[in-house]
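A.B. asks: The structure file structure-v7.cif (mmCIF, C-alpha atoms) is provided below.
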data_protein
#
loop_
_atom_site.label_atom_id
_atom_site.label_comp_id
_atom_site.auth_asym_id
_atom_site.auth_seq_id
_atom_site.Cartn_x
_atom_site.Cartn_y
_atom_site.Cartn_z
CA MET A 1 -14.52 -31.37 59.70
CA GLU A 2 -17.74 -32.30 57.84
CA LYS A 3 -19.70 -32.24 61.06
CA THR A 4 -18.61 -28.80 62.13
CA ILE A 5 -19.09 -27.11 58.76
CA ALA A 6 -22.67 -26.84 57.48
CA VAL A 7 -22.31 -27.33 53.75
CA THR A 8 -24.84 -25.53 51.52
CA LYS A 9 -23.76 -27.08 48.25
CA THR A 10 -21.27 -29.68 46.97
CA LEU A 11 -19.42 -29.44 43.68
CA ASP A 12 -17.48 -32.43 42.31
CA VAL A 13 -14.85 -31.44 39.74
CA CYS A 14 -12.79 -34.65 39.80
CA GLY A 15 -11.15 -35.66 36.51
CA LEU A 16 -11.87 -32.32 34.85
CA ILE A 17 -9.19 -30.72 32.71
CA CYS A 18 -7.46 -27.44 33.41
CA PRO A 19 -8.93 -24.88 34.25
CA TYR A 20 -12.52 -26.18 34.61
CA PRO A 21 -12.12 -26.97 38.35
CA ASP A 22 -11.26 -23.31 39.00
CA MET A 23 -13.81 -21.82 36.63
CA ASP A 24 -16.65 -24.03 37.89
CA THR A 25 -15.79 -23.30 41.53
CA LEU A 26 -15.66 -19.53 41.02
CA ALA A 27 -18.84 -19.53 38.89
CA THR A 28 -20.72 -21.52 41.55
CA LEU A 29 -19.53 -19.23 44.35
CA LYS A 30 -20.72 -16.23 42.38
CA LYS A 31 -24.28 -17.57 42.44
CA MET A 32 -24.31 -18.25 46.19
CA SER A 33 -25.44 -15.92 48.97
CA LYS A 34 -23.21 -14.43 51.63
CA GLY A 35 -22.19 -16.93 54.29
CA GLU A 36 -23.25 -20.02 52.35
CA ILE A 37 -20.66 -22.81 52.28
CA LEU A 38 -19.48 -24.54 49.13
CA GLU A 39 -17.77 -27.91 49.38
CA VAL A 40 -15.54 -28.70 46.39
CA ILE A 41 -14.22 -32.21 45.74
CA LEU A 42 -11.18 -32.06 43.44
CA ASP A 43 -8.22 -34.20 42.40
CA TYR A 44 -6.16 -31.84 40.26
CA PRO A 45 -3.01 -30.62 42.10
CA LEU A 46 -2.67 -27.36 40.17
CA SER A 47 -6.22 -26.25 41.01
CA LEU A 48 -5.77 -27.29 44.63
CA GLU A 49 -3.20 -24.49 44.89
CA ARG A 50 -4.71 -22.07 42.39
CA ILE A 51 -8.29 -21.94 43.73
CA PRO A 52 -7.24 -20.72 47.22
CA ARG A 53 -4.98 -18.14 45.54
CA ASN A 54 -7.80 -16.67 43.50
CA LEU A 55 -10.95 -16.93 45.56
CA THR A 56 -9.82 -14.33 48.09
CA LYS A 57 -9.58 -11.78 45.26
CA GLN A 58 -13.35 -12.07 44.95
CA GLY A 59 -13.88 -11.83 48.68
CA HIS A 60 -14.64 -15.51 49.32
CA LYS A 61 -13.09 -17.21 52.32
CA LEU A 62 -11.22 -20.51 52.35
CA LEU A 63 -12.29 -22.31 55.51
CA ASN A 64 -10.50 -25.61 55.25
CA VAL A 65 -8.92 -28.14 52.92
CA GLU A 66 -8.44 -31.80 53.71
CA ARG A 67 -7.10 -34.79 51.86
CA ILE A 68 -9.61 -37.54 51.16
CA ASP A 69 -7.27 -39.98 49.41
CA GLY A 70 -4.26 -39.51 47.10
CA PRO A 71 -4.72 -36.36 45.02
CA LYS A 72 -8.40 -36.20 45.97
CA HIS A 73 -9.14 -33.34 48.35
CA ARG A 74 -12.16 -31.65 49.90
CA MET A 75 -12.25 -27.87 50.12
CA PHE A 76 -14.69 -25.71 52.11
CA ILE A 77 -15.28 -22.15 50.95
CA GLU A 78 -17.52 -19.46 52.42
CA ALA A 79 -19.18 -17.40 49.69
CA HIS A 80 -18.88 -13.64 49.79
CA GLY A 81 -22.36 -13.22 48.34
CA LEU A 82 -22.02 -11.26 45.14
CA LYS A 83 -25.60 -12.16 44.25
CA MET B 1 21.68 -47.42 22.72
CA SER B 2 24.62 -45.11 23.36
CA LEU B 3 25.18 -43.58 26.75
CA ILE B 4 24.71 -40.08 25.38
CA VAL B 5 21.24 -40.90 23.98
CA LEU B 6 20.44 -42.47 27.33
CA SER B 7 21.31 -39.15 29.01
CA GLY B 8 18.03 -37.87 27.52
CA LEU B 9 16.24 -40.25 29.85
CA GLY B 10 18.17 -38.88 32.84
CA VAL B 11 17.42 -35.26 31.95
CA GLY B 12 13.79 -36.23 31.32
CA LEU B 13 13.45 -37.88 34.74
CA VAL B 14 14.60 -34.70 36.51
CA PHE B 15 12.58 -32.47 34.17
CA GLY B 16 9.42 -34.55 34.69
CA TYR B 17 9.90 -34.45 38.45
CA ALA B 18 10.30 -30.64 38.34
CA LEU B 19 7.33 -30.14 35.99
CA GLN B 20 5.10 -32.15 38.33
CA ARG B 21 6.24 -30.45 41.53
CA GLY B 22 6.08 -26.99 39.95
CA ARG B 23 2.76 -27.72 38.18
CA PHE B 24 4.63 -26.07 35.31
CA CYS B 25 2.28 -25.63 32.38
CA MET B 26 2.57 -22.86 29.84
CA ASN B 27 -1.05 -23.21 28.80
CA SER B 28 -2.05 -22.39 32.38
CA ALA B 29 0.61 -19.66 32.52
CA THR B 30 -0.77 -17.77 29.51
CA ARG B 31 -4.42 -18.47 30.09
CA ASP B 32 -4.48 -17.76 33.84
CA SER B 33 -2.96 -14.33 33.26
CA VAL B 34 -6.08 -13.14 31.41
CA LEU B 35 -8.77 -15.41 32.80
CA LEU B 36 -7.92 -15.30 36.49
CA ARG B 37 -5.36 -12.47 36.62
CA ASP B 38 -3.11 -15.08 38.22
CA TYR B 39 0.53 -14.61 37.23
CA THR B 40 2.13 -17.32 39.38
CA LEU B 41 3.02 -19.74 36.57
CA LEU B 42 3.90 -16.93 34.18
CA LYS B 43 6.49 -15.78 36.73
CA ALA B 44 7.94 -19.32 36.85
CA VAL B 45 8.24 -19.28 33.03
CA GLY B 46 9.91 -15.84 33.16
CA VAL B 47 12.46 -16.97 35.76
CA ALA B 48 13.28 -20.12 33.75
CA ILE B 49 13.85 -18.10 30.56
CA LEU B 50 16.12 -15.59 32.34
CA VAL B 51 18.18 -18.38 33.95
CA GLU B 52 18.49 -20.04 30.53
CA MET B 53 19.59 -16.79 28.86
CA ILE B 54 22.51 -16.51 31.26
CA GLY B 55 23.36 -20.21 30.96
CA PHE B 56 23.11 -20.39 27.17
CA ALA B 57 25.22 -17.22 26.87
CA LEU B 58 27.94 -18.83 29.02
CA LEU B 59 27.74 -22.10 27.04
CA ASP B 60 28.10 -20.05 23.85
CA VAL B 61 31.03 -17.86 24.93
CA THR B 62 32.96 -20.86 26.30
CA GLY B 63 32.34 -22.76 23.05
CA ILE B 64 30.61 -25.68 24.80
CA THR B 65 27.58 -25.30 22.53
CA ALA B 66 26.93 -23.31 19.39
CA ALA B 67 23.60 -21.51 19.69
CA ALA B 68 21.30 -23.00 17.06
CA PRO B 69 18.22 -20.78 16.86
CA LYS B 70 15.12 -21.99 15.02
CA PRO B 71 14.36 -20.58 11.55
CA PHE B 72 12.02 -17.67 10.96
CA PHE B 73 9.25 -18.48 8.47
CA TRP B 74 6.66 -15.91 9.38
CA GLY B 75 3.71 -17.57 7.61
CA ALA B 76 4.32 -20.97 9.18
CA ASN B 77 5.14 -19.39 12.56
CA LEU B 78 1.92 -17.35 12.58
CA VAL B 79 -0.45 -20.05 11.28
CA GLY B 80 1.21 -23.00 13.06
CA SER B 81 1.66 -21.41 16.46
CA PHE B 82 -1.78 -19.75 16.44
CA THR B 83 -3.28 -23.20 15.72
CA PHE B 84 -1.09 -24.62 18.52
CA GLY B 85 -2.45 -21.97 20.91
CA ILE B 86 -6.05 -22.88 20.06
CA GLY B 87 -5.20 -26.56 20.46
CA MET B 88 -3.57 -26.25 23.87
CA VAL B 89 -6.59 -24.48 25.38
CA LEU B 90 -8.89 -27.21 23.99
CA ALA B 91 -6.49 -29.88 25.30
CA GLY B 92 -6.25 -28.17 28.70
CA ALA B 93 -2.45 -28.47 28.64
CA CYS B 94 0.63 -27.37 26.73
CA ALA B 95 3.00 -29.94 25.18
CA SER B 96 5.06 -30.34 28.36
CA GLY B 97 1.91 -30.17 30.54
CA LEU B 98 0.22 -33.08 28.80
CA THR B 99 3.46 -35.09 28.92
CA TYR B 100 4.00 -34.73 32.67
CA ARG B 101 0.29 -35.16 33.52
CA THR B 102 0.34 -38.46 31.61
CA GLY B 103 2.69 -39.61 34.37
CA GLU B 104 0.25 -38.28 37.00
CA GLY B 105 -2.46 -40.65 35.70
CA MET B 106 -4.64 -38.04 34.01
CA VAL B 107 -6.46 -39.83 31.18
CA SER B 108 -7.28 -36.48 29.52
CA ALA B 109 -3.54 -35.79 29.20
CA MET B 110 -2.88 -39.24 27.71
CA VAL B 111 -5.62 -38.74 25.11
CA ALA B 112 -4.31 -35.26 24.26
CA ALA B 113 -0.79 -36.71 23.96
CA ILE B 114 -2.00 -39.35 21.49
CA GLY B 115 -3.66 -36.55 19.48
CA LEU B 116 -0.44 -34.51 19.55
CA ALA B 117 1.66 -37.50 18.46
CA ILE B 118 -0.70 -38.32 15.56
CA GLY B 119 -1.02 -34.69 14.43
CA ALA B 120 2.73 -34.14 14.60
CA PHE B 121 3.55 -37.43 12.85
CA TYR B 122 1.27 -36.73 9.86
CA THR B 123 2.53 -33.15 9.58
CA ALA B 124 6.21 -34.13 9.80
CA GLY B 125 5.99 -36.79 7.14
CA GLY B 126 2.40 -37.61 6.19
CA PHE B 127 -0.51 -36.07 4.31
CA MET B 128 -0.37 -32.73 6.19
CA ASN B 129 3.29 -32.26 5.33
CA PRO B 130 2.85 -30.43 1.96
CA LEU B 131 0.76 -27.70 3.62
CA ALA B 132 3.27 -27.10 6.42
CA LYS B 133 6.24 -27.32 4.06
CA SER B 134 4.84 -24.87 1.51
CA LEU B 135 3.99 -22.40 4.29
CA GLN B 136 7.54 -22.67 5.62
CA GLU B 137 9.30 -22.43 2.27
CA SER B 138 7.24 -19.55 0.89
CA THR B 139 7.72 -17.30 3.94
CA VAL B 140 11.23 -18.11 5.18
CA LEU B 141 13.52 -15.14 5.87
CA LYS B 142 17.26 -15.43 6.56
CA THR B 143 20.26 -13.16 6.96
CA ALA B 144 22.36 -12.28 3.87
CA ASP B 145 24.75 -15.16 4.64
CA GLY B 146 21.95 -17.66 5.15
CA ALA B 147 21.78 -17.81 8.96
CA ASN B 148 18.52 -18.01 10.91
CA LEU B 149 17.41 -14.55 12.05
CA THR B 150 17.99 -13.64 15.68
CA LEU B 151 17.89 -10.35 17.61
CA ALA B 152 21.68 -10.67 17.86
CA ASN B 153 22.47 -10.97 14.16
CA ILE B 154 19.93 -8.28 13.21
CA LEU B 155 21.61 -5.86 15.64
CA GLY B 156 25.07 -7.13 14.74
CA VAL B 157 25.96 -7.93 18.37
CA PRO B 158 27.47 -11.24 19.58
CA TYR B 159 24.74 -13.54 20.94
CA TYR B 160 26.22 -13.99 24.40
CA LEU B 161 26.60 -10.23 24.97
CA LEU B 162 23.03 -9.44 23.97
CA ALA B 163 21.57 -12.40 25.92
CA LEU B 164 23.49 -11.46 29.08
CA GLY B 165 22.55 -7.79 28.64
CA ILE B 166 18.84 -8.51 28.22
CA ALA B 167 18.85 -10.93 31.17
CA ILE B 168 20.57 -8.46 33.49
CA VAL B 169 18.30 -5.53 32.50
CA ALA B 170 15.21 -7.73 32.91
CA ILE B 171 16.28 -9.01 36.33
CA VAL B 172 17.07 -5.50 37.61
CA ALA B 173 13.76 -4.16 36.24
CA TRP B 174 11.87 -7.06 37.81
CA VAL B 175 13.45 -6.53 41.23
CA LEU B 176 12.79 -2.77 41.11
CA LEU B 177 9.22 -3.04 39.86
CA ALA B 178 8.13 -5.98 42.01
CA LYS B 179 5.53 -4.90 44.50
CA PRO B 180 6.58 -5.53 48.09
CA LEU B 181 4.23 -7.88 49.88
CA SER B 182 1.61 -5.76 51.66
CA LEU B 183 0.70 -6.53 55.27
CA GLU B 184 -2.85 -7.29 54.27
CA ASN B 185 -1.70 -9.78 51.62
CA ALA B 186 0.76 -11.38 53.99
CA ALA B 187 -1.96 -11.87 56.60
CA ALA B 188 -4.29 -13.39 53.99
CA ARG B 189 -1.51 -15.76 52.91
CA THR B 190 -0.76 -16.93 56.43
CA LYS B 191 -4.45 -17.58 56.98
CA ALA B 192 -4.77 -19.50 53.72
CA ALA B 193 -1.63 -21.51 54.53
CA LYS B 194 -3.12 -22.44 57.90
CA ALA B 195 -6.31 -23.72 56.26
CA GLN B 196 -4.24 -25.85 53.88
CA LYS B 197 -2.10 -27.61 56.48
CA GLY B 198 -1.37 -31.26 55.66
CA VAL B 199 -2.57 -30.84 52.09
CA SER B 200 -0.64 -31.55 48.86
CA LYS B 201 1.69 -28.70 48.06
CA GLY B 202 4.07 -28.15 45.16
CA TRP B 203 7.06 -25.86 44.67
CA GLY B 204 6.81 -22.07 44.55
CA TRP B 205 7.29 -20.24 41.26
CA MET B 206 10.84 -19.09 42.00
CA THR B 207 12.13 -22.60 42.79
CA THR B 208 10.31 -24.04 39.79
CA GLY B 209 11.70 -21.41 37.42
CA ILE B 210 15.29 -21.76 38.61
CA VAL B 211 15.25 -25.58 38.57
CA ILE B 212 13.72 -25.78 35.09
CA GLY B 213 16.16 -23.15 33.77
CA LEU B 214 19.11 -25.16 35.15
CA ILE B 215 17.77 -28.41 33.66
CA ALA B 216 17.62 -26.73 30.22
CA ILE B 217 21.24 -25.56 30.56
CA VAL B 218 22.42 -29.11 31.37
CA ALA B 219 20.20 -30.53 28.61
CA PHE B 220 21.65 -28.41 25.79
CA PRO B 221 25.22 -29.82 25.57
CA LEU B 222 24.03 -33.40 26.25
CA SER B 223 21.42 -33.18 23.50
CA ALA B 224 23.98 -31.60 21.16
CA ALA B 225 26.45 -34.44 21.86
CA ALA B 226 23.71 -36.87 20.80
CA GLY B 227 23.51 -35.08 17.45
CA ARG B 228 20.44 -32.99 18.31
CA ASN B 229 21.86 -29.48 18.60
CA TYR B 230 19.04 -27.90 20.57
CA PRO B 231 17.92 -27.53 24.21
CA LEU B 232 14.61 -28.93 25.47
CA GLY B 233 11.74 -29.77 23.10
CA ILE B 234 8.70 -32.03 23.33
CA THR B 235 7.15 -32.56 19.91
CA ASP B 236 10.14 -34.24 18.21
CA GLY B 237 10.17 -36.74 21.06
CA TRP B 238 6.54 -37.71 20.51
CA ILE B 239 7.14 -38.09 16.75
CA GLY B 240 10.14 -40.31 17.57
CA LEU B 241 7.96 -42.39 19.90
CA VAL B 242 5.43 -43.03 17.10
CA LYS B 243 8.25 -43.90 14.67
CA GLY B 244 9.89 -46.18 17.22
CA ILE B 245 6.71 -48.08 18.06
CA PHE B 246 5.17 -48.35 14.58
CA LEU B 247 8.14 -48.16 12.21
CA GLY B 248 10.79 -49.78 14.39
CA GLU B 249 13.17 -46.79 14.32
CA ALA B 250 15.63 -46.36 17.19
CA PHE B 251 14.65 -43.83 19.87
CA GLY B 252 16.67 -40.61 19.77
CA TRP B 253 17.58 -38.20 22.59
CA GLY B 254 14.27 -36.30 22.29
CA THR B 255 12.21 -39.48 22.65
CA MET B 256 14.23 -40.63 25.67
CA LEU B 257 13.55 -37.15 27.12
CA ILE B 258 9.76 -37.50 26.98
CA ILE B 259 9.87 -41.08 28.30
CA GLY B 260 11.95 -39.66 31.17
CA ILE B 261 9.44 -36.83 31.74
CA ILE B 262 6.55 -39.29 32.06
CA LEU B 263 8.51 -41.52 34.47
CA GLY B 264 9.88 -38.57 36.46
CA ALA B 265 6.38 -37.13 36.89
CA LEU B 266 5.11 -40.59 37.85
CA VAL B 267 7.75 -40.83 40.60
CA ALA B 268 6.98 -37.29 41.83
CA ALA B 269 3.25 -38.03 41.89
CA LEU B 270 3.68 -41.39 43.66
CA VAL B 271 6.06 -40.00 46.30
CA ASN B 272 3.70 -37.11 47.03
CA ARG B 273 0.51 -39.22 46.96
CA GLU B 274 -0.79 -37.42 43.87
CA PHE B 275 -0.98 -40.34 41.43
CA LYS B 276 -4.40 -41.58 40.35
CA PHE B 277 -6.04 -42.64 37.10
CA ARG B 278 -8.78 -40.07 36.54
CA ALA B 279 -10.89 -39.19 33.52
CA PRO B 280 -13.43 -36.56 32.51
CA SER B 281 -16.56 -37.19 30.36
CA THR B 282 -16.32 -38.67 26.86
CA GLY B 283 -17.25 -35.30 25.38
CA MET B 284 -14.29 -33.68 27.06
CA LEU B 285 -11.98 -36.49 25.93
CA VAL B 286 -13.05 -35.80 22.33
CA GLN B 287 -12.30 -32.11 22.89
CA VAL B 288 -8.79 -32.77 24.25
CA PHE B 289 -8.06 -35.21 21.41
CA ILE B 290 -8.96 -32.57 18.80
CA GLY B 291 -6.88 -30.08 20.79
CA GLY B 292 -3.94 -32.49 20.67
CA LEU B 293 -4.25 -32.94 16.89
CA LEU B 294 -4.21 -29.15 16.39
CA MET B 295 -1.17 -28.87 18.68
CA GLY B 296 0.68 -31.56 16.73
CA PHE B 297 0.02 -29.91 13.39
CA GLY B 298 0.78 -26.44 14.75
CA ALA B 299 4.03 -27.42 16.44
CA VAL B 300 5.50 -29.12 13.38
CA CYS B 301 4.28 -26.39 10.99
CA SER B 302 5.83 -23.66 13.16
CA GLY B 303 8.98 -25.66 13.88
CA GLY B 304 8.34 -26.10 17.61
CA CYS B 305 5.90 -26.30 20.50
CA ASN B 306 5.77 -24.07 23.58
CA ILE B 307 8.94 -25.67 24.94
CA GLY B 308 10.86 -25.58 21.65
CA HIS B 309 9.87 -21.99 20.92
CA ALA B 310 9.12 -20.21 24.21
CA LEU B 311 11.31 -22.06 26.72
CA SER B 312 14.24 -22.84 24.39
CA GLY B 313 13.91 -20.42 21.45
CA LEU B 314 13.28 -17.16 23.35
CA PRO B 315 16.54 -17.38 25.34
CA LEU B 316 18.34 -18.08 22.03
CA LEU B 317 16.77 -14.79 20.77
CA SER B 318 15.39 -16.43 17.61
CA ILE B 319 13.02 -14.15 15.68
CA GLY B 320 11.02 -17.21 14.61
CA SER B 321 10.58 -18.23 18.26
CA ILE B 322 9.57 -14.70 19.32
CA VAL B 323 6.88 -14.55 16.60
CA ALA B 324 5.80 -18.13 17.37
CA THR B 325 5.50 -17.42 21.12
CA LEU B 326 3.39 -14.30 20.53
CA SER B 327 1.25 -16.30 18.13
CA ILE B 328 0.74 -19.16 20.63
CA VAL B 329 -0.32 -16.60 23.25
CA GLY B 330 -2.71 -14.95 20.76
CA GLY B 331 -4.37 -18.26 19.84
CA ALA B 332 -4.62 -19.26 23.50
CA TRP B 333 -6.10 -15.95 24.65
CA LEU B 334 -8.71 -15.86 21.87
CA THR B 335 -9.78 -19.46 22.55
CA SER B 336 -9.89 -18.99 26.36
CA HIS B 337 -11.99 -15.87 25.91
CA LEU B 338 -14.44 -17.66 23.60
CA ILE B 339 -14.75 -20.77 25.77
CA PHE B 340 -14.85 -19.22 29.22
CA ASN B 341 -16.23 -15.72 28.73
CA VAL B 342 -18.41 -15.82 25.61
CA PHE B 343 -19.81 -19.38 25.60
CA ARG B 344 -19.57 -19.91 29.31
CA ARG B 345 -20.43 -23.46 30.31
CA SER B 346 -22.39 -23.69 33.52
CA PRO B 347 -21.02 -25.99 36.22
CA ALA B 348 -22.63 -29.39 36.63
CA ALA B 349 -23.56 -29.07 40.30
#
For this file, write the structure as structure tokens.
C.D. replies:
Amino acid sequence: MEKTIAVTKTLDVCGLICPYPDMDTLATLKKMSKGEILEVILDYPLSLERIPRNLTKQGHKLLNVERIDGPKHRMFIEAHGLK
Amino acid sequence: MSLIVLSGLGVGLVFGYALQRGRFCMNSATRDSVLLRDYTLLKAVGVAILVEMIGFALLDVTGITAAAPKPFFWGANLVGSFTFGIGMVLAGACASGLTYRTGEGMVSAMVAAIGLAIGAFYTAGGFMNPLAKSLQESTVLKTADGANLTLANILGVPYYLLALGIAIVAIVAWVLLAKPLSLENAAARTKAAKAQKGVSKGWGWMTTGIVIGLIAIVAFPLSAAAGRNYPLGITDGWIGLVKGIFLGEAFGWGTMLIIGIILGALVAALVNREFKFRAPSTGMLVQVFIGGLLMGFGAVCSGGCNIGHALSGLPLLSIGSIVATLSIVGGAWLTSHLIFNVFRRSPAA
């Protein structure tokens, strides 16, 4: 998947407590331009479900999620470009 | 150890498994509703409380348990639970959240749990005890015949009738007011589900709420048989753990419950490939530890944590638990607003 998606920026929120993974992801997306891709590396199961639920409300698009290892996942999001 | 005390471990195992699969955290439930306008976990909490109301009413009317609502001491409820609300946002988890996430391998949850245990221990019997005790004793309010205040005894209605009535009205209102899923939303959901294929996935809010409500109903008579006449609670278990380890006291039902929660969550996390030791920065560990201390003090001062008051006390219609729950929510909302909206921390990337 990494090869087909051109990542603009990578955000690692592993180990962070609730709800920093979500807040950091949404704040980063807000600063990106339309069409840019954010890659988020996260290992918190609640945020893995909650981020996809909430990013569409702000117009961002979830492209793909894949498991790296155990709870660690990689998420690709296309920014809506609120900048 | 008697079989009945051991039943706490059994209930805990199932409860821990359900908490982990449902990602059931009341800190997230309250905070997400204002910060993200995400009501998923709040709905799970609502379903659990409604299921409990029906179950506790049936246990009461059949005489299996005698509803034992928590006392109302408005000063201690307001101060203690508000402090608890501040603490849980700093800790990034409620009392049950930090217990189950300890089993998931989250170091931040373990550190917060140690803070909660220490704070609760020193408030229950140590140097913080006089403050909590004087707040409780100076503001306690009871009925004329000395019972703890509940909506039922204020209105002069039997508990089971009022609990069943409220539950039925709430369920009907919920069904009528619930927005039907729009086509646009449904399409967005299908798309999102497609993108998340093969990824870790927990239970939905309805399943989580029903399962946790049923666990509480089973827990109540077992806990009462062990001499602890109350449904689920977390803080007393952590205090018991400290007393057991450092003072050699025997573990009670509540302590077996939290040991069960940790093990149940561990099993759920291992089976679903979600277990891993993971830690944030030292600064954040200090923050969660302070949060845990505040939670421990607040829970003992107010006579219960989010589980004791919101999950167990609300369905028992205790006035103390209603005030405490509102106070926890107030403390949590204020702290979330300050941390995430006023002093917004910029992401590290």
A.B. asks: Of the residues A:Pro71, A:Thr25, A:Gly81, A:Arg53, which is the one nearest to chain B, using all atoms listed in the file?
C.D. replies: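 That would be A:Pro71, the residue with the smallest distance to chain B.
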A.B. asks: Looking at B:Met128, B:Ala29, B:Leu317, B:Val157, which one is nearest to chain A, with distances taken over only C-alpha atoms?
C.D. replies: B:Ala29
A.B. asks: Give me, as a PyMOL selection string, the contact residues of chain A against chain B at a cut-off of 9 Å, counting all atoms listed in the file.
C.D. replies: chain A and resi 9-20+23-25+27-28+43-46+48-50+52-54+56+61-67+69-73
A.B. asks: Would you compute the distance between CA of Ser223 in chain B and CA of Gly8 in chain B? Give it in Å to one decimal.
C.D. replies: 7.0 Å
A.B. asks: Which residues match the PyMOL selection byres ((chain A and resi 34) around 8) in the file above, as a list of chain:residue names?
C.D. replies: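 With the PyMOL selection byres ((chain A and resi 34) around 8) on this model, the match is A:Met32, A:Ser33, A:Gly35, A:Glu36, A:Glu78, A:Ala79, A:His80, A:Gly81, A:Leu82.
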A.B. asks: Okay, now the selection with C-alpha atoms, as a PDB file, in the coordinates of the input?
C.D. replies:
ATOM      1  CA  MET A  32     -24.310 -18.250  46.190  1.00  0.00           C
ATOM      2  CA  SER A  33     -25.440 -15.920  48.970  1.00  0.00           C
ATOM      3  CA  GLY A  35     -22.190 -16.930  54.290  1.00  0.00           C
ATOM      4  CA  GLU A  36     -23.250 -20.020  52.350  1.00  0.00           C
ATOM      5  CA  GLU A  78     -17.520 -19.460  52.420  1.00  0.00           C
ATOM      6  CA  ALA A  79     -19.180 -17.400  49.690  1.00  0.00           C
ATOM      7  CA  HIS A  80     -18.880 -13.640  49.790  1.00  0.00           C
ATOM      8  CA  GLY A  81     -22.360 -13.220  48.340  1.00  0.00           C
ATOM      9  CA  LEU A  82     -22.020 -11.260  45.140  1.00  0.00           C
TER      10      LEU A  82
END
A.B. asks: Quote the spacing between CA of Ser321 in chain B and CA of His309 in chain B in Å to one decimal place.
C.D. replies: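 We find that CA of Ser321 in chain B and CA of His309 in chain B lie 4.7 Å from each other.
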A.B. asks: Using all atoms listed in the file, can you tell me which of B:Pro71, B:Gly103, B:Gly330, B:Gly291 comes closest to Asn148 in chain B?
C.D. replies: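 Among B:Pro71, B:Gly103, B:Gly330, B:Gly291, it is B:Pro71 that comes nearest to Asn148 in chain B.
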A.B. asks: Since I can't run it myself right now, could you work out what the PyMOL selection byres ((chain B and resi 333) around 9) selects here and report it as a PDB file with C-alpha atoms, in the coordinates of the input?
C.D. replies:
ATOM      1  CA  THR B  30      -0.770 -17.770  29.510  1.00  0.00           C
ATOM      2  CA  ARG B  31      -4.420 -18.470  30.090  1.00  0.00           C
ATOM      3  CA  VAL B  34      -6.080 -13.140  31.410  1.00  0.00           C
ATOM      4  CA  LEU B  35      -8.770 -15.410  32.800  1.00  0.00           C
ATOM      5  CA  GLY B  85      -2.450 -21.970  20.910  1.00  0.00           C
ATOM      6  CA  ILE B  86      -6.050 -22.880  20.060  1.00  0.00           C
ATOM      7  CA  VAL B  89      -6.590 -24.480  25.380  1.00  0.00           C
ATOM      8  CA  ILE B 328       0.740 -19.160  20.630  1.00  0.00           C
ATOM      9  CA  VAL B 329      -0.320 -16.600  23.250  1.00  0.00           C
ATOM     10  CA  GLY B 330      -2.710 -14.950  20.760  1.00  0.00           C
ATOM     11  CA  GLY B 331      -4.370 -18.260  19.840  1.00  0.00           C
ATOM     12  CA  ALA B 332      -4.620 -19.260  23.500  1.00  0.00           C
ATOM     13  CA  LEU B 334      -8.710 -15.860  21.870  1.00  0.00           C
ATOM     14  CA  THR B 335      -9.780 -19.460  22.550  1.00  0.00           C
ATOM     15  CA  SER B 336      -9.890 -18.990  26.360  1.00  0.00           C
ATOM     16  CA  HIS B 337     -11.990 -15.870  25.910  1.00  0.00           C
ATOM     17  CA  LEU B 338     -14.440 -17.660  23.600  1.00  0.00           C
TER      18      LEU B 338
END
A.B. asks: Could you tell me, as a compact mmCIF listing (two decimals) with C-alpha atoms, in the coordinates of the input, exactly which residues end up selected when the PyMOL selection byres ((chain B and resi 52-60) around 6) is applied to this structure?
C.D. replies:
# COMPACT_ATOMS: atom_id res chain seq x y z
CA ILE B 49 13.85 -18.10 30.56
CA LEU B 50 16.12 -15.59 32.34
CA VAL B 51 18.18 -18.38 33.95
CA VAL B 61 31.03 -17.86 24.93
CA THR B 62 32.96 -20.86 26.30
CA GLY B 63 32.34 -22.76 23.05
CA ILE B 64 30.61 -25.68 24.80
CA THR B 65 27.58 -25.30 22.53
CA ALA B 66 26.93 -23.31 19.39
CA TYR B 160 26.22 -13.99 24.40
CA ALA B 163 21.57 -12.40 25.92
CA LEU B 164 23.49 -11.46 29.08
CA GLY B 213 16.16 -23.15 33.77
CA ILE B 217 21.24 -25.56 30.56
CA PRO B 315 16.54 -17.38 25.34
A.B. asks: So what do you get for CA of Thr207 in chain B versus CA of Phe15 in chain B, distance-wise?
C.D. replies: 13.1 Å
A.B. asks: Would you place a box with edges along x, y and z of the file around all atoms of range 21-26 of chain B listed there, add 8 Å to each of its six sides, and report the centre and edge lengths in Å to one decimal, as JSON?
C.D. replies:
{"center_x": 4.3, "center_y": -26.7, "center_z": 35.7, "size_x": 20.0, "size_y": 23.6, "size_z": 27.7}
A.B. asks: Of the residues B:Val11, B:Ala112, B:Leu314, B:Ala152, which is the one nearest to Gly165 in chain B, using only C-alpha atoms?
C.D. replies: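 Of all the options, B:Ala152 lies closest to Gly165 in chain B.
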A.B. asks: Which one is closest to Ile5 in chain A: A:Ile68, A:Met75, A:Ile37, A:Leu29? Count only C-alpha atoms.
C.D. replies: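 Of the candidates, the smallest distance to Ile5 in chain A is held by A:Ile37.
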A.B. asks: Would you list the contacts of Leu26 in chain A as a PyMOL selection string, taking every protein, DNA or RNA residue within 9 Å and counting all atoms listed in the file, but skipping same-chain residues closer than 6 positions in sequence?
C.D. replies: chain A and resi 51+54-55+58
A.B. asks: So, with only C-alpha atoms as the atoms that count, which of B:Thr282, B:Ser327, B:Thr150, B:Gln136 lies closest to Ala76 in chain B?
C.D. replies: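 Under the stated criterion, the closest residue is B:Gln136.
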A.B. asks: Just the residues within 8 Å of Leu311 in chain B, please, counting all atoms listed in the file, with nothing from its chain fewer than 6 positions along; format it as a ChimeraX atom specification.
C.D. replies: /B:45,48-49,232
